[in-house]
Amino acid sequence: MNNTAVIFQAPAEAMINFYTGDAVKAAAELIKRDAYVKIGAVQTQYHGEEAAEEMFDLSNNPSRIDERVLVWGNYRSLSVGDVVHVDGESYLCCSQGWHKL
């Protein structure tokens, strides 16, 4: 069964907060302010954190650039502070792995 992974990017001016402070708290504040930018939805065969990891690979893996352009457009790659929503759960991209919100 395919799932839809919805990708939300943090605004550029907020990115420093994910490197210098509490990333989960920074994400909660952006969610509260409805400051995340929804960049799109991608069909994936993966679930949960595996789907989030697949979105990270899609946006960051140079060997997948053609696929990325087709489904991701011209948005920047997935990075620390961004959120992937799949299977009714949200996953925050952290400097090492994912945090389920």
# chains A, B, ... in the order shown; residues from 1 in each chain; ligands from 1
$ residues_around --residues "Val6 (chain A)" --least-positions-apart "3" --cutoff "8 Å" --atoms "only C-alpha atoms" --output "PyMOL selection string"
chain A and resi 38-42+84-86
$ residues_around --residues "region 50-55 of chain A" --least-positions-apart "6" --cutoff "12 Å" --atoms "only C-alpha atoms" --output "ChimeraX atom specification"
/A:2-8,40-44,61,64,67-68,71-72,77-79,82-87,89-94,96-100
$ closest_residue --among "A:Gln45, A:Gly88, A:Leu58, A:Val80" --to "Asp22 (chain A)" --atoms "only C-alpha atoms"
A:Val80
$ select_by_dssp --residues "chain A" --states "strand (DSSP E or B)" --output "ChimeraX atom specification"
/A:3-9,37-44,83-86,89-93,98-100
$ atom_distance --atom1 "CA of Ala14 (chain A)" --atom2 "CA of His47 (chain A)"
27.9 Å
$ closest_residue --among "A:Ser95, A:Asp34, A:Asn60, A:Asp66" --to "Gly81 (chain A)" --atoms "only C-alpha atoms"
A:Ser95
$ residues_around --residues "Ile16 (chain A)" --least-positions-apart "4" --cutoff "10 Å" --atoms "only C-alpha atoms" --output "ChimeraX atom specification"
/A:12,20-21,23,26,80-81
$ write_last_selection --atoms "N, CA and C atoms" --output "short mmCIF file (atom, residue, chain, number, x, y, z; two decimals), in the first residue's frame"
data_model
loop_
_atom_site.label_atom_id
_atom_site.label_comp_id
_atom_site.auth_asym_id
_atom_site.auth_seq_id
_atom_site.Cartn_x
_atom_site.Cartn_y
_atom_site.Cartn_z
N ALA A 12 13.62 29.87 6.40
CA ALA A 12 15.08 30.04 6.44
C ALA A 12 15.54 30.78 7.69
N THR A 20 21.26 25.66 17.30
CA THR A 20 21.79 26.30 18.51
C THR A 20 20.93 26.11 19.74
N GLY A 21 19.76 25.54 19.58
CA GLY A 21 18.88 25.41 20.73
C GLY A 21 18.18 24.06 20.74
N ALA A 23 15.76 21.73 19.38
CA ALA A 23 15.11 21.56 18.08
C ALA A 23 13.62 21.25 18.22
N ALA A 26 11.86 24.41 19.16
CA ALA A 26 11.83 25.31 18.00
C ALA A 26 10.75 24.87 17.01
N VAL A 80 17.73 19.71 8.60
CA VAL A 80 17.42 19.80 10.03
C VAL A 80 16.36 20.87 10.23
N GLY A 81 15.33 20.51 10.99
CA GLY A 81 14.24 21.44 11.28
C GLY A 81 13.02 21.23 10.43
#
$ atom_distance --atom1 "CA of Arg76 (chain A)" --atom2 "CA of Glu29 (chain A)"
21.7 Å
$ atom_distance --atom1 "CA of Val24 (chain A)" --atom2 "CA of Gly73 (chain A)"
27.2 Å
$ select_by_dssp --residues "region 10-90 of chain A" --states "helix (DSSP H, G or I)" --output "MDAnalysis selection string"
chainID A and resid 12:20 23:32 48:60 62:72
